[in-house]
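> Would you mind keeping the following structure in view while I ask a few things?
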Amino acid sequence: MEIYVFVYLPGETIAVPAGLFNYNTDDKTGHFLYGRKYEQRPNAVPVDPVSLPLHKEALPTTINEGLYGVLRDSIPDYWGRMVFAAKRDIYPEQVSNIDLMLDSNGARIGNLDFRSSPDDPEPQLDLPHFSTLANIINAAVKIENNEKVSKEILDLYAQGSSMGGARPKCSVEHDEAMWLVKFPSKNDKANMPAIEYASMKLAKLCGIKSAEVLLQKVGTKDVLMVRRFDRQKRGNNWLRNGFMSALSFMQWDERDRDLWSYYSLAEQMRTYMSVEELKELYRRMVFNILINNTDDHPRNHGFLFDRDSYSLSPAYDILPEIKTAGVSTTSRLAMALGEAGREATIENALSSCRLFGWKSREQAMEECVRPMQQIFKDWSEFFESCGVSGEDIKMLESTIYKT
Ligand SMILES: Nc1ncnc2c1ncn2[C@@H]1O[C@H](COP(=O)(O)OP(=O)(O)OP(=O)(O)O)[C@@H](O)[C@H]1O
Ligand SMILES: [Mg+2]
């Protein structure tokens, strides 16, 4: 099977063909080759700067079922699969990665597009407007429960459901920007959109470069809006940034959990970016300990890139995993952070601080950890001011760091 990979170059709103991706559906192997014309463009951007650098012949890949990192990042996970399946009246298990790649879509993350022919048109971008969210949220509940949803409502999702992740969500246009809207989910024990909003705001207060967020009421429910950092509006169209997850940056496989660690991520970041970025990663890691965000897997960290520069993307998907009251076990992050593996403790974070550019434990403590601990002292008042209910704050008391 042949798939034409298109790239939206910096400053341009129409994609150009970059090369051909050959996919063998039998043994799940993929092989991408750049087109010569693309590589000669002075402003060419690599499709995947780690596994597909320009001017180097790429090897076939079997990682993540034959998808090079950035290709894998460009297709949705669980939630997008559910919506795709609902639209076609099939089971989510019947949806292949290739179906998702070829689903014409202008809202997918990053700067890539996939077409079955070089002559296929630009995808139409028909994002739902914020005002239609109430209908979309009602449909999300039905999709989660595998209930039938009318075609009109599913059409409202149009291209809005192409982003990764498990939580029900949709991209919408609002206030001249593109936003990822995260809905409540049927399994929520608390008002998670409000809790995520407060956590993201708290991260900003702690000096972390986190994505811009809004909390909006839709009917009786709160939804979290996260401003898309890979899109900027240009006239009636959108400019895009290259995006890759930490999973792709490290060429890790989704099943290789034992390999995932913050310190090896930092080590590789050192060769591509400044030490300030390593310290920012460390700050995010420490914040995850303090807030008990144990879903900090390597697709919940990402990078923006262009032709020859990288930076951590704004932080996203930061929220506490609620602990059961009275059960005092040490949490574990999703990636190892220090000598004690994944143990989510400050001591463990300090054990590896030099690998993140700090000169000493004292420096990491004074410049990074202690100022955050100071801010966390007032987390409950802060959460309250962000719209989290007293009941939910009580539920979080044994979860979030206190001195
Ligand atoms: N502000 C943003 N701009 C652009 N892309 C984003 C933004 N926030 C998140 N993403 C992308 O969308 C994906 C899904 O978002 P997010 O991680 O918040 O959803 P989730 O359903 O909570 O995920 P998970 O399954 O990890 O819990 C992310 O993995 C990332 O690729
Ligand atoms: Mg996520």
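Residues are referred to by chain and number: the chain letter is A, B, ... according to the order shown in the structure tokens, the number counts from 1 in that chain, and ligands are numbered separately from 1 in the order shown.
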DSSP on the backbone: which residues in region 20-210 of chain A end up as strand (DSSP E or B)? Give the answer as a ChimeraX atom specification.
/A:20-24,29-34,48,52,61,112-115,129,169-174,177-182,210
> The selected residues should be written to file as a compact mmCIF listing (two decimals), in the first residue's frame (atoms: C-alpha atoms).

# COMPACT_ATOMS: atom_id res chain seq x y z
CA LEU A 20 6.06 8.09 -0.38
CA PHE A 21 5.30 5.79 2.52
CA ASN A 22 5.12 2.12 1.55
CA TYR A 23 3.24 0.02 4.04
CA ASN A 24 3.13 -3.76 4.11
CA THR A 29 6.48 -2.84 8.09
CA GLY A 30 6.68 0.72 6.81
CA HIS A 31 9.27 2.34 4.56
CA PHE A 32 9.37 6.04 3.69
CA LEU A 33 11.40 7.65 0.93
CA TYR A 34 11.66 11.39 0.34
CA ASP A 48 10.35 13.10 11.26
CA LEU A 52 13.67 10.43 8.85
CA THR A 61 10.58 0.40 10.37
CA LEU A 112 1.57 16.36 8.01
CA ASP A 113 -1.16 15.13 5.70
CA PHE A 114 -1.61 11.69 4.15
CA ARG A 115 -3.20 11.01 0.76
CA HIS A 129 -17.95 25.91 16.25
CA LYS A 169 -12.49 15.45 22.96
CA CYS A 170 -12.94 17.52 19.85
CA SER A 171 -11.06 20.36 18.16
CA VAL A 172 -13.13 23.52 17.69
CA GLU A 173 -12.56 27.01 16.40
CA HIS A 174 -13.04 29.78 18.93
CA ALA A 177 -7.76 30.10 17.31
CA MET A 178 -8.03 26.32 17.30
CA TRP A 179 -8.71 24.66 20.65
CA LEU A 180 -8.75 21.10 21.87
CA VAL A 181 -11.87 20.69 23.99
CA LYS A 182 -11.80 17.93 26.59
CA SER A 210 1.98 25.08 29.93
> Do a neighbour search on Tyr68 (chain A) at 12 Å with only C-alpha atoms, toss out local chain neighbours closer than 3 positions, and write the hits as number ranges by chain.
A: 21-23, 28-33, 47-53, 58-65, 71-75, 244-245, 247-253
> Once you have the residues from the selection above, write them out as a short mmCIF file (atom, residue, chain, number, x, y, z; two decimals), in the first residue's frame, restricted to C-alpha atoms.

data_model
loop_
_atom_site.label_atom_id
_atom_site.label_comp_id
_atom_site.auth_asym_id
_atom_site.auth_seq_id
_atom_site.Cartn_x
_atom_site.Cartn_y
_atom_site.Cartn_z
CA PHE A 21 5.30 5.79 2.52
CA ASN A 22 5.12 2.12 1.55
CA TYR A 23 3.24 0.02 4.04
CA LYS A 28 3.29 -4.38 9.45
CA THR A 29 6.48 -2.84 8.09
CA GLY A 30 6.68 0.72 6.81
CA HIS A 31 9.27 2.34 4.56
CA PHE A 32 9.37 6.04 3.69
CA LEU A 33 11.40 7.65 0.93
CA VAL A 47 8.87 14.62 8.12
CA ASP A 48 10.35 13.10 11.26
CA PRO A 49 13.65 14.71 12.24
CA VAL A 50 14.82 11.73 14.33
CA SER A 51 13.93 8.69 12.25
CA LEU A 52 13.67 10.43 8.85
CA PRO A 53 16.35 13.14 8.59
CA ALA A 58 15.69 5.76 5.78
CA LEU A 59 15.51 2.15 6.86
CA PRO A 60 12.17 0.35 6.95
CA THR A 61 10.58 0.40 10.37
CA THR A 62 8.64 -2.15 12.40
CA ILE A 63 8.36 0.06 15.47
CA ASN A 64 4.80 0.87 16.59
CA GLU A 65 3.35 -1.45 13.96
CA LEU A 71 3.44 9.31 11.50
CA ARG A 72 2.16 7.50 14.58
CA ASP A 73 1.74 10.78 16.44
CA SER A 74 -0.44 12.09 13.60
CA ILE A 75 -3.22 9.56 14.07
CA MET A 244 6.64 14.95 17.79
CA SER A 245 5.92 13.15 21.04
CA LEU A 247 7.91 8.54 22.43
CA SER A 248 8.88 9.36 18.84
CA PHE A 249 11.82 11.55 19.79
CA MET A 250 13.27 8.54 21.64
CA GLN A 251 12.13 6.00 19.01
CA TRP A 252 10.50 4.05 21.81
CA ASP A 253 7.79 1.53 21.14
#
> Would you kindly return, as a PyMOL selection string, each protein, DNA or RNA residue with an atom no farther than 10 Å from any atom of region 376-389 of chain A, considering only C-alpha atoms and excluding same-chain residues fewer than 4 positions away?
chain A and resi 190-199+201-202+205-206+215+222+287+290-291+370-372+393-397+400-403
> Select the residues contacting ligand 2 at a distance of at most 8 Å, based on only C-alpha atoms and all ligand atoms, then format the selection as a list of chain:residue names.
A:Gly164, A:Gly165, A:Ala166, A:Asp295, A:Asp296, A:His297, A:Arg299, A:Asn300, A:Tyr316, A:Asp317
> Among region 192-362 of chain A, which residues does DSSP mark as helix (DSSP H, G or I) when it is run on the backbone? Keep the chain and numbering as in the structure and answer as a count of residues only.
61
> I want to know what sits within 8 Å of Lys151 (chain A), based on only C-alpha atoms, with residues of the same chain fewer than 3 positions away left out; could you give that as a ChimeraX atom specification?
/A:87,154-155
> Considering only C-alpha atoms and all ligand atoms, can you say which of A:Glu347, A:Asp120, A:Asp77, A:Asp306 comes closest to ligand 1?
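Among the listed residues, the smallest separation from ligand 1 belongs to A:Asp77.
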> Just to confirm, what's the straight-line distance from CA of Glu212 (chain A) to CA of Glu343 (chain A) in Å (one decimal)?
29.4 Å
> Could you work out how far CA of Ser261 (chain A) lies from CA of Lys323 (chain A), giving the answer in Å with one decimal?
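We find that CA of Lys323 (chain A) and CA of Ser261 (chain A) lie 23.0 Å from each other.
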> Counting only C-alpha atoms and all ligand atoms, which residue out of A:Lys279, A:Arg257, A:Lys189, A:His301 sits closest to ligand 1?
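Nearest to ligand 1: A:His301.
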> Between A:Leu319, A:Met285, A:Leu337, A:Ile3, which has the minimum distance to ligand 1 (counting only C-alpha atoms and all ligand atoms)?
A:Leu319
> Would you work out the distance separating CA of Asn97 (chain A) from CA of Trp238 (chain A), expressed in Å to one decimal?
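Atom-to-atom, CA of Asn97 (chain A) and CA of Trp238 (chain A) are spaced 25.1 Å apart.
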> From the set A:Tyr262, A:Phe229, A:Tyr91, A:Phe84, which residue has the shortest atom-to-atom contact distance to Tyr157 (chain A), counting only C-alpha atoms?
A:Phe84
> Compare A:Thr13, A:Asn146, A:Ser274, A:Ser313 by their minimum atom-to-atom distance to ligand 1, counting only C-alpha atoms and all ligand atoms, and give me the closest one.
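Answer, going by the shortest atom-to-atom distance: A:Ser313.
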> Give me the residues near Arg231 (chain A) as a list in words, where near means some atom within 10 Å (using only C-alpha atoms) and where sequence neighbours in that chain fewer than 2 positions away do not count.
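Residues meeting the cut-off are Ala107, Ile109, Gly110, Asn111, Ala177, Met178, Trp179, Arg227, Arg228, Phe229, Lys233, Arg234, Asn237, Trp238, Leu239, Arg240, Asn241 and Gly242 of chain A.
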> From the list A:Ser96, A:Asn135, A:Gln124, A:Asn293, which residue is nearest ligand 1 when using only C-alpha atoms and all ligand atoms?
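Result for the nearest residue to ligand 1: A:Asn293.
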